[in-house]
Amino acid sequence: MTENWGFSKPDPELYHRIAALERDEALSLIAAAEACSNACQAVKLAAIAALGDAESVAKEVALELHYGARQAEGQVFLARDLAQRLPGTFEAMKRGELDPYRASKVADQTSVLSDEQAREVDARVAGKITTRDPTSVRRLVNRTVARVDPDGYARRCEERKRSRSVQLCHEDEGMATLYAYLPAEIAATIYARVDRVARGLRGNGEERTLDELRADVFSDLCLGVAGEVEPPRAEVFVYLDFLTWTGLRNEPAELAGHGPIPAQLAREIAANATIRRVITDPMTGTPIEVGRHRYRPPTATKELVQVRDRECRVPGCHRPVQACDLDHVEPWAQGGGTHSTNLCGLCCRDHRLKDEPGWQHRMTGTGVLEITTPAGRTYRSQPEPLTTAA
């Protein structure tokens with residue numbers, strides 16, 4: 001940016017000082033630099049919006065910033081949405097609390113709405129998105145869109161189903177990628193079955209990785225050459241409150257690992273033998289504790305934790321909890337009990353991270369997982385509420 005607008009380059013000496021920072025100081029500087037970058041990006045987008053609505057604006061931006069055509073068009077569309085339809089989201093950017101990528105998740109998910117509906121969604125989510133990762137932002141906005149425009153959301157879901165397809169993409173060195181674009185509940189059920197069978201094949205000298213086992217199980221099932229495998233079991237969860245289940249209201253439900261789905265679709269797929277329906281209290285959605293005093297969680301406790309957590313509990317990780325380990329937050333060897341208030345779902349990578357020097361995990365009495373890093377910073381994780389108040 002030019003000096004005419006008050007922007008200048010950092011002092012070169014700054015980079016020498018950065019190399020000598022303590023871990024906590026480095027993290028503070030990272031956060032400050034991110035906030036500064038976000039605010040500068042807001043200035044850029046405001047200037048783009050000020051160029052007007054002419055079709056040639058994107059080309060002009062591309063020439064000035066050395067962008068490709070698609071990148072420039074994306075910046076122009078985002079700038080106009082933020083300036084005209086998403087004032088709350090734009091204010092968060094101006095304060096340095098939100099980056100353009102997460103802001104684009106709000107713009108993308110509200111693009112199907114009218115200006116009035118988009119502003120309503122923006123008003124509902126603007127105060128909640130600054131501390132979420134991009135996937136969580138997308139899911140929150142998608143869930144809110146489903147509540148603001150339930151009929152339109154259900155119609156769009158039906159329209160998407162008509163575009164389901166299978167595609168083959170040939171890769172290098174004798175490999176290819178097979179894409180299946182399917183309704184979320186079908187895709188989740190297929191993956192859950194493949195994953196469950198693959199995990200059952202580990203051990204006994206098996207040298208294939210879990211990814212290799214999944215690929216081989218999937219191939220065998222598709223080709224009809226698989227040996228005896230157990231029938232599908234209910235390992236995919238769809239959450240809907242009692243009043244929605246009975247048809248007294250039509251709050252969007254949630255498919256674990258995916259996000260919101262229309263109420264009518266939830267009622268239809270909840271009857272599927274391979275889908276586990278979770279009926280929640282319409283006011284709180286709080287499950288009832290069940291447990292025993294032994295190292296391996298009993299089935300009831302395991303399912304309770306899975307229903308509660310839905311995904312890996314480390315912020316920013318969205319691996320479905322059915323593909324995670326159930327970990328004792330306070331280690332069993334140190335007196336930690338096997339009950340829901342001391343168990344949480346962690347993916348394999350984050351489970352290993354827990355044992356790295358300097359990392360600490362603690363579960364509060366209200367079910368909040370507190371993760372302390374080697375720098376002494378503490379981050380908190382709590383599952384999203386399953387329901388809204390009736």
# chains A, B, ... in the order shown; residues from 1 in each chain; ligands from 1
>>> residues_around(residues="region 24-30 of chain A", least_positions_apart="5", cutoff="10 Å", atoms="only C-alpha atoms", output="MDAnalysis selection string")
chainID A and resid 18:19 35:36 374:377
>>> select_by_dssp(residues="region 31-188 of chain A", states="strand (DSSP E or B)", output="number ranges by chain")
A: 165-170, 176-181
>>> atom_distance(atom1="CA of Thr144 (chain A)", atom2="CA of Val121 (chain A)")
6.2 Å
>>> residues_around(residues="region 178-189 of chain A", least_positions_apart="3", cutoff="6 Å", atoms="only C-alpha atoms", output="NGL selection string")
:A and (164-168 or 192)
>>> closest_residue(among="A:Leu14, A:Val217, A:Leu346, A:Ala333", to="Pro315 (chain A)", atoms="only C-alpha atoms")
A:Leu346
>>> closest_residue(among="A:Leu265, A:Leu63, A:Ala215, A:Cys169", to="Tyr153 (chain A)", atoms="only C-alpha atoms")
A:Leu265
>>> select_by_dssp(residues="region 67-292 of chain A", states="alpha helix (DSSP H)", output="JSON, numbers by chain")
{"A": [69, 70, 71, 72, 73, 74, 75, 76, 77, 78, 79, 80, 81, 82, 83, 84, 87, 88, 89, 90, 91, 92, 93, 94, 100, 101, 102, 103, 104, 105, 106, 107, 108, 109, 110, 115, 116, 117, 118, 119, 120, 121, 122, 123, 124, 125, 134, 135, 136, 137, 138, 139, 140, 141, 142, 143, 144, 145, 146, 147, 148, 150, 151, 152, 153, 154, 155, 156, 157, 158, 159, 160, 161, 184, 185, 186, 187, 188, 189, 190, 191, 192, 193, 194, 195, 196, 197, 198, 199, 200, 210, 211, 212, 213, 214, 215, 216, 217, 218, 219, 220, 221, 222, 223, 242, 243, 244, 245, 263, 264, 265, 266, 267, 268, 269]}
>>> closest_atom_pairs(of="region 341-386 of chain A", to="region 301-307 of chain A", cutoff="9 Å", atoms="only C-alpha atoms", output="JSON lines")
{"residue": "A:Thr341", "atom": "CA", "partner": "A:Val305", "partner_atom": "CA", "distance": 8.7}
{"residue": "A:Leu343", "atom": "CA", "partner": "A:Val305", "partner_atom": "CA", "distance": 7.0}
{"residue": "A:Cys344", "atom": "CA", "partner": "A:Val305", "partner_atom": "CA", "distance": 6.5}
{"residue": "A:Gly345", "atom": "CA", "partner": "A:Gln306", "partner_atom": "CA", "distance": 7.1}
>>> residues_around(residues="Glu97 (chain A)", least_positions_apart="3", cutoff="10 Å", atoms="only C-alpha atoms", output="JSON, numbers by chain")
{"A": [31, 34, 35, 36, 37, 38, 39, 89, 90, 91, 92, 93, 94, 129, 130, 131]}
>>> atom_distance(atom1="CA of Asn342 (chain A)", atom2="CA of Thr378 (chain A)")
18.2 Å
>>> residues_around(residues="Ala107 (chain A)", least_positions_apart="4", cutoff="9 Å", atoms="only C-alpha atoms", output="list of chain:residue names")
A:Phe77, A:Leu78, A:Asp81, A:Leu82, A:Arg85, A:Leu86, A:Ala103, A:Ser111, A:Ala118
>>> write_last_selection(atoms="N, CA, C and O atoms", output="short mmCIF file (atom, residue, chain, number, x, y, z; two decimals), in the first residue's frame")
data_model
loop_
_atom_site.label_atom_id
_atom_site.label_comp_id
_atom_site.auth_asym_id
_atom_site.auth_seq_id
_atom_site.Cartn_x
_atom_site.Cartn_y
_atom_site.Cartn_z
N PHE A 77 -17.04 -10.22 -5.89
CA PHE A 77 -18.30 -10.73 -5.35
C PHE A 77 -18.30 -10.65 -3.82
O PHE A 77 -19.30 -10.29 -3.21
N LEU A 78 -17.17 -11.01 -3.19
CA LEU A 78 -17.10 -10.96 -1.74
C LEU A 78 -17.22 -9.52 -1.25
O LEU A 78 -17.95 -9.24 -0.28
N ASP A 81 -20.89 -8.41 -1.49
CA ASP A 81 -21.73 -9.06 -0.48
C ASP A 81 -21.50 -8.45 0.89
O ASP A 81 -22.45 -8.18 1.64
N LEU A 82 -20.23 -8.27 1.26
CA LEU A 82 -19.93 -7.72 2.58
C LEU A 82 -20.47 -6.30 2.71
O LEU A 82 -21.03 -5.93 3.75
N ARG A 85 -24.80 -6.79 1.87
CA ARG A 85 -25.69 -7.80 2.44
C ARG A 85 -25.23 -8.33 3.81
O ARG A 85 -26.04 -8.88 4.55
N LEU A 86 -23.96 -8.16 4.15
CA LEU A 86 -23.41 -8.80 5.36
C LEU A 86 -22.65 -7.78 6.21
O LEU A 86 -21.45 -7.92 6.45
N ALA A 103 -14.82 -15.15 6.10
CA ALA A 103 -15.91 -14.27 5.66
C ALA A 103 -16.55 -14.81 4.38
O ALA A 103 -17.77 -14.70 4.19
N SER A 111 -25.49 -16.90 -0.43
CA SER A 111 -25.65 -16.43 -1.81
C SER A 111 -26.99 -16.82 -2.41
O SER A 111 -27.45 -16.18 -3.36
N ALA A 118 -30.41 -12.68 3.82
CA ALA A 118 -28.97 -12.69 4.05
C ALA A 118 -28.62 -11.80 5.23
O ALA A 118 -27.77 -12.17 6.07
#
>>> residues_around(residues="Leu353 (chain A)", least_positions_apart="5", cutoff="12 Å", atoms="only C-alpha atoms", output="list in words")
Val314, Leu346, Cys347, Cys348, Gly358, Trp359, Gln360, His361, Ile371, Thr372, Thr373 and Pro374 of chain A
>>> atom_distance(atom1="CA of Gly259 (chain A)", atom2="CA of Gln84 (chain A)")
27.3 Å
>>> residues_around(residues="Glu384 (chain A)", least_positions_apart="4", cutoff="10 Å", atoms="only C-alpha atoms", output="ChimeraX atom specification")
/A:136,140,308-310
>>> closest_residue(among="A:Ala154, A:Val125, A:Val61, A:Ala33", to="Thr110 (chain A)", atoms="only C-alpha atoms")
A:Val125
>>> closest_residue(among="A:Arg319, A:His170, A:His258, A:Ala79", to="Ala46 (chain A)", atoms="only C-alpha atoms")
A:Ala79
